[in-house]
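File shown: structure-v8.cif. Contents: mmCIF, C-alpha atoms.
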```cif
data_structure
#
loop_
_atom_site.group_PDB
_atom_site.id
_atom_site.type_symbol
_atom_site.label_atom_id
_atom_site.label_comp_id
_atom_site.auth_asym_id
_atom_site.auth_seq_id
_atom_site.Cartn_x
_atom_site.Cartn_y
_atom_site.Cartn_z
ATOM 1 C CA MET A 272 2.439 34.101 -177.731
ATOM 2 C CA LYS A 273 -0.279 32.165 -175.958
ATOM 3 C CA HIS A 274 -0.114 31.900 -172.180
ATOM 4 C CA TYR A 275 -1.039 28.897 -170.080
ATOM 5 C CA GLU A 276 -3.442 28.603 -167.174
ATOM 6 C CA VAL A 277 -2.216 26.275 -164.439
ATOM 7 C CA GLU A 278 -4.568 24.731 -161.914
ATOM 8 C CA ILE A 279 -2.992 23.034 -158.892
ATOM 9 C CA LEU A 280 -5.069 20.444 -157.024
ATOM 10 C CA ASP A 281 -4.338 18.476 -153.864
ATOM 11 C CA ALA A 282 -3.294 14.966 -154.996
ATOM 12 C CA LYS A 283 -5.225 13.302 -152.148
ATOM 13 C CA THR A 284 -8.449 15.321 -151.860
ATOM 14 C CA ARG A 285 -8.581 16.890 -155.394
ATOM 15 C CA GLU A 286 -9.292 20.216 -153.667
ATOM 16 C CA LYS A 287 -8.271 23.228 -155.762
ATOM 17 C CA LEU A 288 -5.315 24.908 -154.045
ATOM 18 C CA CYS A 289 -4.240 27.472 -156.581
ATOM 19 C CA PHE A 290 -5.026 28.891 -160.016
ATOM 20 C CA LEU A 291 -2.202 30.561 -161.918
ATOM 21 C CA ASP A 292 -3.185 32.797 -164.811
ATOM 22 C CA LYS A 293 -0.985 33.910 -167.739
ATOM 23 C CA VAL A 294 1.898 31.510 -167.121
ATOM 24 C CA GLU A 295 4.678 31.729 -169.733
ATOM 25 C CA PRO A 296 4.855 28.631 -172.023
ATOM 26 C CA HIS A 297 8.586 28.228 -171.322
ATOM 27 C CA ALA A 298 8.095 28.427 -167.533
ATOM 28 C CA THR A 299 9.800 25.581 -165.666
ATOM 29 C CA ILE A 300 8.272 23.492 -162.891
ATOM 30 C CA ALA A 301 10.701 25.253 -160.501
ATOM 31 C CA GLU A 302 9.181 28.615 -161.496
ATOM 32 C CA ILE A 303 5.641 27.271 -161.047
ATOM 33 C CA LYS A 304 6.626 26.049 -157.572
ATOM 34 C CA ASN A 305 7.825 29.563 -156.722
ATOM 35 C CA LEU A 306 4.503 31.050 -157.912
ATOM 36 C CA PHE A 307 2.607 28.456 -155.839
ATOM 37 C CA THR A 308 4.668 29.377 -152.744
ATOM 38 C CA LYS A 309 3.463 32.997 -153.030
ATOM 39 C CA THR A 310 -0.109 31.851 -152.298
ATOM 40 C CA HIS A 311 0.910 29.069 -149.871
ATOM 41 C CA PRO A 312 4.095 30.195 -148.043
ATOM 42 C CA GLN A 313 4.021 27.136 -145.729
ATOM 43 C CA TRP A 314 4.872 24.951 -148.742
ATOM 44 C CA TYR A 315 8.285 26.196 -149.850
ATOM 45 C CA PRO A 316 9.527 24.792 -153.211
ATOM 46 C CA ALA A 317 11.613 21.959 -151.698
ATOM 47 C CA ARG A 318 8.471 20.617 -149.936
ATOM 48 C CA GLN A 319 6.468 20.456 -153.149
ATOM 49 C CA SER A 320 5.969 17.509 -155.451
ATOM 50 C CA LEU A 321 4.023 18.452 -158.582
ATOM 51 C CA ARG A 322 2.812 15.729 -160.915
ATOM 52 C CA LEU A 323 0.539 15.269 -163.939
ATOM 53 C CA ASP A 324 -1.304 12.362 -162.327
ATOM 54 C CA PRO A 325 -2.253 12.150 -158.607
ATOM 55 C CA LYS A 326 -0.329 8.860 -158.267
ATOM 56 C CA GLY A 327 2.252 9.559 -160.961
ATOM 57 C CA LYS A 328 5.924 10.488 -160.754
ATOM 58 C CA SER A 329 7.067 13.900 -159.563
ATOM 59 C CA LEU A 330 7.932 16.327 -162.338
ATOM 60 C CA LYS A 331 11.525 17.544 -162.424
ATOM 61 C CA ASP A 332 12.271 21.171 -161.581
ATOM 62 C CA GLU A 333 13.812 21.684 -165.024
ATOM 63 C CA ASP A 334 10.750 20.336 -166.928
ATOM 64 C CA ILE A 335 9.250 23.022 -169.189
ATOM 65 C CA LEU A 336 5.481 23.607 -169.209
ATOM 66 C CA GLN A 337 4.955 23.681 -172.995
ATOM 67 C CA LYS A 338 6.874 20.409 -173.411
ATOM 68 C CA LEU A 339 4.570 18.546 -171.031
ATOM 69 C CA PRO A 340 1.577 16.582 -172.377
ATOM 70 C CA VAL A 341 -0.942 19.239 -171.242
ATOM 71 C CA GLY A 342 -3.283 21.689 -172.975
ATOM 72 C CA THR A 343 -3.209 25.448 -172.487
ATOM 73 C CA THR A 344 -5.116 24.821 -169.263
ATOM 74 C CA ALA A 345 -2.822 22.498 -167.305
ATOM 75 C CA THR A 346 -3.841 20.578 -164.208
ATOM 76 C CA LEU A 347 -1.045 19.669 -161.811
ATOM 77 C CA TYR A 348 -1.393 17.644 -158.617
ATOM 78 C CA PHE A 349 0.402 18.708 -155.457
ATOM 79 C CA ARG A 350 1.775 16.464 -152.733
ATOM 80 C CA ASP A 351 3.490 17.769 -149.583
ATOM 81 C CA LEU A 352 6.879 16.080 -149.112
ATOM 82 C CA GLY A 353 7.072 17.225 -145.483
ATOM 83 C CA ALA A 354 9.723 19.322 -143.761
ATOM 84 C CA GLN A 355 13.000 19.249 -145.708
ATOM 85 C CA ILE A 356 16.644 19.507 -144.684
ATOM 86 C CA SER A 357 19.697 20.000 -146.894
ATOM 87 C CA TRP A 358 21.768 16.947 -147.890
ATOM 88 C CA VAL A 359 24.919 18.699 -146.712
ATOM 89 C CA THR A 360 23.468 19.173 -143.196
ATOM 90 C CA VAL A 361 22.369 15.515 -143.073
ATOM 91 C CA PHE A 362 25.770 14.211 -144.202
ATOM 92 C CA LEU A 363 27.714 16.451 -141.823
ATOM 93 C CA THR A 364 25.517 15.379 -138.896
ATOM 94 C CA GLU A 365 25.553 11.656 -139.637
ATOM 95 C CA TYR A 366 29.354 11.600 -140.194
ATOM 96 C CA ALA A 367 30.455 13.911 -137.356
ATOM 97 C CA GLY A 368 28.581 11.707 -134.855
ATOM 98 C CA PRO A 369 30.575 8.475 -135.390
ATOM 99 C CA LEU A 370 33.866 10.409 -135.374
ATOM 100 C CA PHE A 371 33.095 11.946 -131.965
ATOM 101 C CA ILE A 372 31.397 8.850 -130.460
ATOM 102 C CA TYR A 373 34.263 6.494 -131.376
ATOM 103 C CA LEU A 374 36.806 8.812 -129.717
ATOM 104 C CA LEU A 375 34.788 8.805 -126.457
ATOM 105 C CA PHE A 376 35.320 5.039 -126.252
ATOM 106 C CA TYR A 377 38.942 5.226 -127.450
ATOM 107 C CA PHE A 378 39.864 7.691 -124.688
ATOM 108 C CA ARG A 379 37.761 5.642 -122.237
ATOM 109 C CA VAL A 380 35.913 8.591 -120.765
ATOM 110 C CA PRO A 381 34.276 7.922 -117.366
ATOM 111 C CA PHE A 382 31.080 5.829 -117.008
ATOM 112 C CA ILE A 383 31.886 3.538 -119.982
ATOM 113 C CA TYR A 384 34.216 0.771 -118.739
ATOM 114 C CA GLY A 385 34.283 1.371 -114.995
ATOM 115 C CA HIS A 386 36.215 3.793 -112.803
ATOM 116 C CA LYS A 387 39.587 2.007 -112.829
ATOM 117 C CA TYR A 388 39.797 2.238 -116.632
ATOM 118 C CA ASP A 389 38.978 5.968 -116.912
ATOM 119 C CA PHE A 390 41.295 7.608 -119.487
ATOM 120 C CA THR A 391 43.560 4.551 -119.652
ATOM 121 C CA SER A 392 45.071 3.438 -122.952
ATOM 122 C CA SER A 393 45.058 0.029 -124.657
ATOM 123 C CA ARG A 394 48.360 -1.833 -124.881
ATOM 124 C CA HIS A 395 47.413 -3.327 -128.271
ATOM 125 C CA THR A 396 48.736 -1.535 -131.386
ATOM 126 C CA VAL A 397 45.734 -2.655 -133.441
ATOM 127 C CA VAL A 398 43.380 -0.650 -131.174
ATOM 128 C CA HIS A 399 45.261 2.591 -131.925
ATOM 129 C CA LEU A 400 45.490 1.720 -135.612
ATOM 130 C CA ALA A 401 41.744 1.041 -135.725
ATOM 131 C CA CYS A 402 41.062 4.457 -134.172
ATOM 132 C CA ILE A 403 43.257 6.159 -136.788
ATOM 133 C CA CYS A 404 41.496 4.289 -139.637
ATOM 134 C CA HIS A 405 37.980 4.956 -138.299
ATOM 135 C CA SER A 406 38.734 8.653 -137.696
ATOM 136 C CA PHE A 407 40.382 9.017 -141.109
ATOM 137 C CA HIS A 408 37.334 7.483 -142.807
ATOM 138 C CA TYR A 409 34.867 9.928 -141.263
ATOM 139 C CA VAL A 410 37.130 12.996 -141.602
ATOM 140 C CA LYS A 411 37.429 12.052 -145.297
ATOM 141 C CA ARG A 412 33.644 11.801 -145.578
ATOM 142 C CA LEU A 413 33.144 15.191 -143.915
ATOM 143 C CA LEU A 414 35.685 16.881 -146.210
ATOM 144 C CA GLU A 415 34.161 15.221 -149.290
ATOM 145 C CA THR A 416 30.711 16.469 -148.261
ATOM 146 C CA LEU A 417 32.037 20.034 -148.016
ATOM 147 C CA PHE A 418 34.384 20.134 -151.000
ATOM 148 C CA VAL A 419 33.803 17.225 -153.398
ATOM 149 C CA HIS A 420 30.186 16.032 -153.642
ATOM 150 C CA ARG A 421 27.702 17.743 -155.933
ATOM 151 C CA PHE A 422 24.131 16.916 -154.995
ATOM 152 C CA SER A 423 21.481 16.551 -157.704
ATOM 153 C CA HIS A 424 18.806 17.065 -155.024
ATOM 154 C CA GLY A 425 19.263 19.923 -152.586
ATOM 155 C CA THR A 426 17.153 18.485 -149.773
ATOM 156 C CA MET A 427 15.715 15.320 -148.229
ATOM 157 C CA PRO A 428 12.845 14.790 -145.745
ATOM 158 C CA LEU A 429 13.759 15.893 -142.209
ATOM 159 C CA ARG A 430 12.715 12.505 -140.759
ATOM 160 C CA ASN A 431 15.593 10.852 -142.664
ATOM 161 C CA ILE A 432 18.189 12.522 -140.446
ATOM 162 C CA PHE A 433 16.888 10.622 -137.397
ATOM 163 C CA LYS A 434 16.913 7.280 -139.239
ATOM 164 C CA ASN A 435 20.395 7.865 -140.710
ATOM 165 C CA CYS A 436 21.910 9.091 -137.454
ATOM 166 C CA THR A 437 20.496 6.133 -135.510
ATOM 167 C CA TYR A 438 22.202 3.800 -137.998
ATOM 168 C CA TYR A 439 25.613 5.512 -138.143
ATOM 169 C CA TRP A 440 25.848 6.663 -134.519
ATOM 170 C CA GLY A 441 24.466 3.394 -133.113
ATOM 171 C CA PHE A 442 26.872 1.165 -135.033
ATOM 172 C CA ALA A 443 29.818 3.472 -134.221
ATOM 173 C CA ALA A 444 29.090 3.164 -130.479
ATOM 174 C CA TRP A 445 28.580 -0.619 -130.713
ATOM 175 C CA MET A 446 31.838 -1.340 -132.559
ATOM 176 C CA ALA A 447 33.831 1.231 -130.541
ATOM 177 C CA TYR A 448 32.669 -0.335 -127.246
ATOM 178 C CA TYR A 449 34.156 -3.725 -128.156
ATOM 179 C CA ILE A 450 37.308 -2.595 -130.002
ATOM 180 C CA ASN A 451 38.361 -0.257 -127.180
ATOM 181 C CA HIS A 452 37.244 -2.555 -124.340
ATOM 182 C CA PRO A 453 39.960 -3.324 -121.745
ATOM 183 C CA LEU A 454 39.367 -7.057 -122.357
ATOM 184 C CA TYR A 455 39.656 -6.795 -126.167
ATOM 185 C CA THR A 456 41.955 -9.422 -127.690
ATOM 186 C CA PRO A 457 43.889 -8.762 -130.943
ATOM 187 C CA PRO A 458 43.150 -10.723 -134.155
ATOM 188 C CA THR A 459 43.978 -14.444 -134.329
ATOM 189 C CA TYR A 460 46.839 -14.139 -136.823
ATOM 190 C CA GLY A 461 48.392 -11.101 -135.194
ATOM 191 C CA ALA A 462 50.479 -8.542 -137.089
ATOM 192 C CA GLN A 463 50.182 -10.349 -140.462
ATOM 193 C CA GLN A 464 46.372 -10.165 -140.348
ATOM 194 C CA VAL A 465 46.472 -6.493 -139.299
ATOM 195 C CA LYS A 466 48.931 -5.548 -142.093
ATOM 196 C CA LEU A 467 46.860 -7.308 -144.769
ATOM 197 C CA ALA A 468 43.662 -5.670 -143.494
ATOM 198 C CA LEU A 469 45.316 -2.242 -143.345
ATOM 199 C CA ALA A 470 46.461 -2.619 -146.971
ATOM 200 C CA ILE A 471 42.876 -3.494 -148.036
ATOM 201 C CA PHE A 472 41.496 -0.534 -146.064
ATOM 202 C CA VAL A 473 43.977 2.022 -147.481
ATOM 203 C CA ILE A 474 43.616 0.821 -151.098
ATOM 204 C CA CYS A 475 39.814 0.937 -150.861
ATOM 205 C CA GLN A 476 39.824 4.397 -149.259
ATOM 206 C CA LEU A 477 42.038 5.722 -152.066
ATOM 207 C CA GLY A 478 39.769 4.010 -154.599
ATOM 208 C CA ASN A 479 36.621 5.469 -153.062
ATOM 209 C CA PHE A 480 38.093 8.990 -153.082
ATOM 210 C CA SER A 481 39.263 8.559 -156.711
ATOM 211 C CA ILE A 482 35.745 7.577 -157.826
ATOM 212 C CA HIS A 483 34.196 10.526 -155.979
ATOM 213 C CA MET A 484 36.608 12.894 -157.745
ATOM 214 C CA ALA A 485 35.853 11.292 -161.138
ATOM 215 C CA LEU A 486 32.084 11.653 -160.539
ATOM 216 C CA ARG A 487 32.556 15.268 -159.466
ATOM 217 C CA ASP A 488 34.447 16.102 -162.654
ATOM 218 C CA LEU A 489 31.639 14.506 -164.655
ATOM 219 C CA ARG A 490 29.065 17.063 -163.498
ATOM 220 C CA PRO A 491 29.822 20.790 -163.888
ATOM 221 C CA ALA A 492 29.061 22.920 -160.816
ATOM 222 C CA GLY A 493 25.395 23.930 -160.616
ATOM 223 C CA SER A 494 24.229 21.536 -163.363
ATOM 224 C CA LYS A 495 22.113 18.395 -163.205
ATOM 225 C CA THR A 496 23.398 16.884 -166.449
ATOM 226 C CA ARG A 497 24.063 13.159 -166.306
ATOM 227 C CA LYS A 498 26.770 11.407 -168.306
ATOM 228 C CA ILE A 499 28.126 7.862 -168.406
ATOM 229 C CA PRO A 500 31.122 7.662 -166.043
ATOM 230 C CA TYR A 501 34.238 6.223 -167.666
ATOM 231 C CA PRO A 502 37.703 5.330 -166.298
ATOM 232 C CA THR A 503 40.275 8.141 -166.216
ATOM 233 C CA LYS A 504 44.086 7.936 -166.147
ATOM 234 C CA ASN A 505 43.832 7.164 -162.419
ATOM 235 C CA PRO A 506 44.109 3.316 -162.101
ATOM 236 C CA PHE A 507 41.620 3.286 -159.206
ATOM 237 C CA THR A 508 38.887 4.426 -161.627
ATOM 238 C CA TRP A 509 39.454 1.435 -163.937
ATOM 239 C CA LEU A 510 36.856 -0.427 -161.877
ATOM 240 C CA PHE A 511 34.320 1.585 -163.933
ATOM 241 C CA LEU A 512 35.027 -0.951 -166.703
ATOM 242 C CA LEU A 513 33.273 -3.623 -164.645
ATOM 243 C CA VAL A 514 30.784 -1.935 -162.280
ATOM 244 C CA SER A 515 28.409 1.027 -162.354
ATOM 245 C CA CYS A 516 29.037 2.120 -158.755
ATOM 246 C CA PRO A 517 32.695 1.420 -157.865
ATOM 247 C CA ASN A 518 32.479 3.981 -155.037
ATOM 248 C CA TYR A 519 30.194 1.487 -153.242
ATOM 249 C CA THR A 520 32.498 -1.433 -154.125
ATOM 250 C CA TYR A 521 35.443 0.392 -152.534
ATOM 251 C CA GLU A 522 33.328 1.488 -149.541
ATOM 252 C CA VAL A 523 32.320 -2.106 -148.777
ATOM 253 C CA GLY A 524 35.949 -3.179 -149.270
ATOM 254 C CA SER A 525 37.110 -0.600 -146.714
ATOM 255 C CA TRP A 526 34.748 -1.963 -144.080
ATOM 256 C CA ILE A 527 35.682 -5.579 -144.853
ATOM 257 C CA GLY A 528 39.333 -4.529 -144.318
ATOM 258 C CA PHE A 529 38.378 -2.862 -141.025
ATOM 259 C CA ALA A 530 36.466 -5.995 -139.932
ATOM 260 C CA ILE A 531 39.479 -8.236 -140.688
ATOM 261 C CA MET A 532 41.802 -5.819 -138.864
ATOM 262 C CA THR A 533 39.730 -5.660 -135.672
ATOM 263 C CA GLN A 534 38.155 -9.150 -135.881
ATOM 264 C CA CYS A 535 35.082 -7.597 -134.318
ATOM 265 C CA LEU A 536 31.548 -8.940 -134.924
ATOM 266 C CA PRO A 537 29.722 -5.540 -134.816
ATOM 267 C CA VAL A 538 32.064 -4.286 -137.586
ATOM 268 C CA ALA A 539 31.262 -7.368 -139.689
ATOM 269 C CA LEU A 540 27.528 -6.771 -139.185
ATOM 270 C CA PHE A 541 27.918 -3.073 -140.061
ATOM 271 C CA SER A 542 29.716 -4.144 -143.268
ATOM 272 C CA LEU A 543 26.921 -6.592 -144.114
ATOM 273 C CA VAL A 544 24.098 -4.092 -143.511
ATOM 274 C CA GLY A 545 26.029 -1.439 -145.467
ATOM 275 C CA PHE A 546 26.639 -3.843 -148.342
ATOM 276 C CA THR A 547 22.925 -4.735 -148.477
ATOM 277 C CA GLN A 548 21.881 -1.063 -148.601
ATOM 278 C CA MET A 549 24.580 -0.093 -151.128
ATOM 279 C CA THR A 550 23.577 -3.026 -153.373
ATOM 280 C CA ILE A 551 20.008 -1.654 -153.451
ATOM 281 C CA TRP A 552 21.314 1.842 -154.350
ATOM 282 C CA ALA A 553 23.745 0.444 -156.947
ATOM 283 C CA LYS A 554 21.020 -1.630 -158.641
ATOM 284 C CA GLY A 555 18.777 1.458 -158.808
ATOM 285 C CA LYS A 556 21.570 3.571 -160.323
ATOM 286 C CA HIS A 557 22.491 0.801 -162.753
ATOM 287 C CA ARG A 558 18.856 0.551 -163.902
ATOM 288 C CA SER A 559 18.622 4.316 -164.442
ATOM 289 C CA TYR A 560 21.890 4.315 -166.451
ATOM 290 C CA LEU A 561 20.558 1.512 -168.703
ATOM 291 C CA LYS A 562 17.264 3.363 -169.149
ATOM 292 C CA GLU A 563 18.881 6.717 -169.907
ATOM 293 C CA PHE A 564 21.828 5.676 -172.098
ATOM 294 C CA ARG A 565 21.363 3.269 -175.010
ATOM 295 C CA ASP A 566 25.122 2.925 -175.448
ATOM 296 C CA TYR A 567 25.725 2.013 -171.787
ATOM 297 C CA PRO A 568 28.631 -0.500 -171.484
ATOM 298 C CA PRO A 569 27.033 -3.992 -171.401
ATOM 299 C CA LEU A 570 29.809 -5.606 -169.342
ATOM 300 C CA ARG A 571 29.108 -3.555 -166.200
ATOM 301 C CA MET A 572 27.349 -4.968 -163.152
ATOM 302 C CA PRO A 573 25.912 -2.760 -160.363
ATOM 303 C CA ILE A 574 28.453 -3.358 -157.544
ATOM 304 C CA ILE A 575 30.429 -6.650 -157.819
ATOM 305 C CA PRO A 576 32.229 -7.419 -161.113
ATOM 306 C CA PHE A 577 30.589 -10.302 -163.088
ATOM 307 C CA LEU A 578 28.282 -11.216 -160.162
ATOM 308 C CA LEU A 579 25.954 -8.550 -158.793
#
```

Can you present the structure in this file as structure tokens?
Amino acid sequence: MKHYEVEILDAKTREKLCFLDKVEPHATIAEIKNLFTKTHPQWYPARQSLRLDPKGKSLKDEDILQKLPVGTTATLYFRDLGAQISWVTVFLTEYAGPLFIYLLFYFRVPFIYGHKYDFTSSRHTVVHLACICHSFHYVKRLLETLFVHRFSHGTMPLRNIFKNCTYYWGFAAWMAYYINHPLYTPPTYGAQQVKLALAIFVICQLGNFSIHMALRDLRPAGSKTRKIPYPTKNPFTWLFLLVSCPNYTYEVGSWIGFAIMTQCLPVALFSLVGFTQMTIWAKGKHRSYLKEFRDYPPLRMPIIPFLL
């Protein structure tokens, strides 16, 4: 059995960083990363991007050396992805923040609304209902992060945690300030508007959870295999017939329900920004499904049935 020689160059400077002798033909990129780490401990595997071309796409960890378009002397190009942090840590941090921040405003802790309002309570039912809904949403997200989600990538760049937390924590403080303000006025159409909005919120939260469970069941623990998601016996998953990412559809729906319930401009803006970002993600996922699966259902749109 012939062995491979693997030369690793810096993608920017073309400087030779490492030469690996007698590499097994069936070695994976993940194994090559581990060998590279032995000579350069500062670049642990999650920091490494190895590619066949300096400006090309990163090779997947599961790619096998002998199946790549290289000779027995392979040249790979290395790019440092920067300090990495686990997805679980990022999600827990960005979701725990809004839960805690919102409650500070709800309980009107000192220095927020003035001394005479310290630890007072709103007389409007919708304010208490909004707190329950907001808290439920983020507790659900935290529990899903711990027990439901399976991440295809173990880590993300450390800098992302600052960007993500600014977004989630900042919006949580902004909307909480107005909803829990002593001068807050309930929605225009009163109890009817609140009940309708609550129904939308609850249905969309159940739908979002149902999709997350369906996606979890699609991927066995520890694997990175991708399959086409299809509806299950759960009626909430039937949205898969029309969109590729119904979890985003339900997520946006939840926030629209919350915006109608509170009739609060910062919530509406948060919903709009979230919808814009989720549309970008949904379009990317939709494209990758179409590319990967020839028999992908043609009726599906990325996020909004028949439209978008």

**Length of the atom CA of Arg285 of chain A to atom CA of Pro325 of chain A vector [Å]** =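 Straight-line distance from atom CA of Arg285 of chain A to atom CA of Pro325 of chain A works out to 8.5 Å.
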
Shell of 12 Å around segment 517-524 of chain A, all atoms listed in the file, local chain residues under 6 positions omitted, as a PyMOL selection string = chain A and resi 408-409+412+468-486+500-502+507-511+530-531+538-554+556-557+571-576+579

* List the neighbours of segment 371-374 of chain A out to 12 Å using only C-alpha atoms; skip same-chain residues closer than 3 positions along the sequence, and give me the result as a PyMOL selection string. => chain A and resi 364-368+377-380+383+390+392+398-399+401-410+436+439-452

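Evaluating the PyMOL selection byres ((chain A and resi 286) around 12) against the shown model yields A:Glu278, A:Ile279, A:Leu280, A:Asp281, A:Ala282, A:Lys283, A:Thr284, A:Arg285, A:Lys287, A:Leu288, A:Cys289, A:Phe290, A:Pro325, A:Thr346, A:Leu347, A:Tyr348, A:Phe349, A:Arg350.
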
Go through the shown structure with the PyMOL selection byres ((chain A and resi 427) around 12) and write out the matching residues as a PyMOL selection string. chain A and resi 317-319+352-362+422-426+428-433+435

Please produce a file of those selected residues containing C-alpha atoms, as a PDB file, in the frame of the given file.
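Ended up saving to result_34.pdb:
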```
ATOM      1  CA  ALA A 317      11.613  21.959-151.698  1.00  0.00           C
ATOM      2  CA  ARG A 318       8.471  20.617-149.936  1.00  0.00           C
ATOM      3  CA  GLN A 319       6.468  20.456-153.149  1.00  0.00           C
ATOM      4  CA  LEU A 352       6.879  16.080-149.112  1.00  0.00           C
ATOM      5  CA  GLY A 353       7.072  17.225-145.483  1.00  0.00           C
ATOM      6  CA  ALA A 354       9.723  19.322-143.761  1.00  0.00           C
ATOM      7  CA  GLN A 355      13.000  19.249-145.708  1.00  0.00           C
ATOM      8  CA  ILE A 356      16.644  19.507-144.684  1.00  0.00           C
ATOM      9  CA  SER A 357      19.697  20.000-146.894  1.00  0.00           C
ATOM     10  CA  TRP A 358      21.768  16.947-147.890  1.00  0.00           C
ATOM     11  CA  VAL A 359      24.919  18.699-146.712  1.00  0.00           C
ATOM     12  CA  THR A 360      23.468  19.173-143.196  1.00  0.00           C
ATOM     13  CA  VAL A 361      22.369  15.515-143.073  1.00  0.00           C
ATOM     14  CA  PHE A 362      25.770  14.211-144.202  1.00  0.00           C
ATOM     15  CA  PHE A 422      24.131  16.916-154.995  1.00  0.00           C
ATOM     16  CA  SER A 423      21.481  16.551-157.704  1.00  0.00           C
ATOM     17  CA  HIS A 424      18.806  17.065-155.024  1.00  0.00           C
ATOM     18  CA  GLY A 425      19.263  19.923-152.586  1.00  0.00           C
ATOM     19  CA  THR A 426      17.153  18.485-149.773  1.00  0.00           C
ATOM     20  CA  PRO A 428      12.845  14.790-145.745  1.00  0.00           C
ATOM     21  CA  LEU A 429      13.759  15.893-142.209  1.00  0.00           C
ATOM     22  CA  ARG A 430      12.715  12.505-140.759  1.00  0.00           C
ATOM     23  CA  ASN A 431      15.593  10.852-142.664  1.00  0.00           C
ATOM     24  CA  ILE A 432      18.189  12.522-140.446  1.00  0.00           C
ATOM     25  CA  PHE A 433      16.888  10.622-137.397  1.00  0.00           C
ATOM     26  CA  ASN A 435      20.395   7.865-140.710  1.00  0.00           C
TER      27      ASN A 435
END
```

For this session: Tell me which of A:Ser329, A:Thr456, A:Ser515, A:Ser525 sits closest to Ser393 of chain A, counting only C-alpha atoms.
Result: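 For Ser393 of chain A, the nearest of the candidates is A:Thr456.
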
A straight line from atom CA of Tyr315 of chain A to atom CA of Lys434 of chain A spans 23.3 Å

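A straight line drawn from atom CA of Ser559 of chain A to atom CA of Lys331 of chain A is 15.1 Å long.
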
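Checking A:Pro369, A:Pro453, A:Pro458, A:Pro340 one by one against Met532 of chain A, counting all atoms listed in the file, you find the shortest gap at A:Pro458.
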
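Among the candidate residues A:Phe577, A:Gln313, A:Val397, A:Arg497, the one lying nearest to Gln463 of chain A is A:Val397, with distances computed using all atoms listed in the file.
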
Q.
Given the PyMOL selection byres ((chain A and resi 335) around 7) and the file above, list the residues it selects as number ranges by chain.
A. A: 297-300, 333-334, 336-339

Dump of C-alpha atoms for the selected residues, as a PDB file, in the frame of the given file:
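Dumped everything to part-v1.pdb:
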```pdb
ATOM      1  CA  HIS A 297       8.586  28.228-171.322  1.00  0.00           C
ATOM      2  CA  ALA A 298       8.095  28.427-167.533  1.00  0.00           C
ATOM      3  CA  THR A 299       9.800  25.581-165.666  1.00  0.00           C
ATOM      4  CA  ILE A 300       8.272  23.492-162.891  1.00  0.00           C
ATOM      5  CA  GLU A 333      13.812  21.684-165.024  1.00  0.00           C
ATOM      6  CA  ASP A 334      10.750  20.336-166.928  1.00  0.00           C
ATOM      7  CA  LEU A 336       5.481  23.607-169.209  1.00  0.00           C
ATOM      8  CA  GLN A 337       4.955  23.681-172.995  1.00  0.00           C
ATOM      9  CA  LYS A 338       6.874  20.409-173.411  1.00  0.00           C
ATOM     10  CA  LEU A 339       4.570  18.546-171.031  1.00  0.00           C
TER      11      LEU A 339
END
```
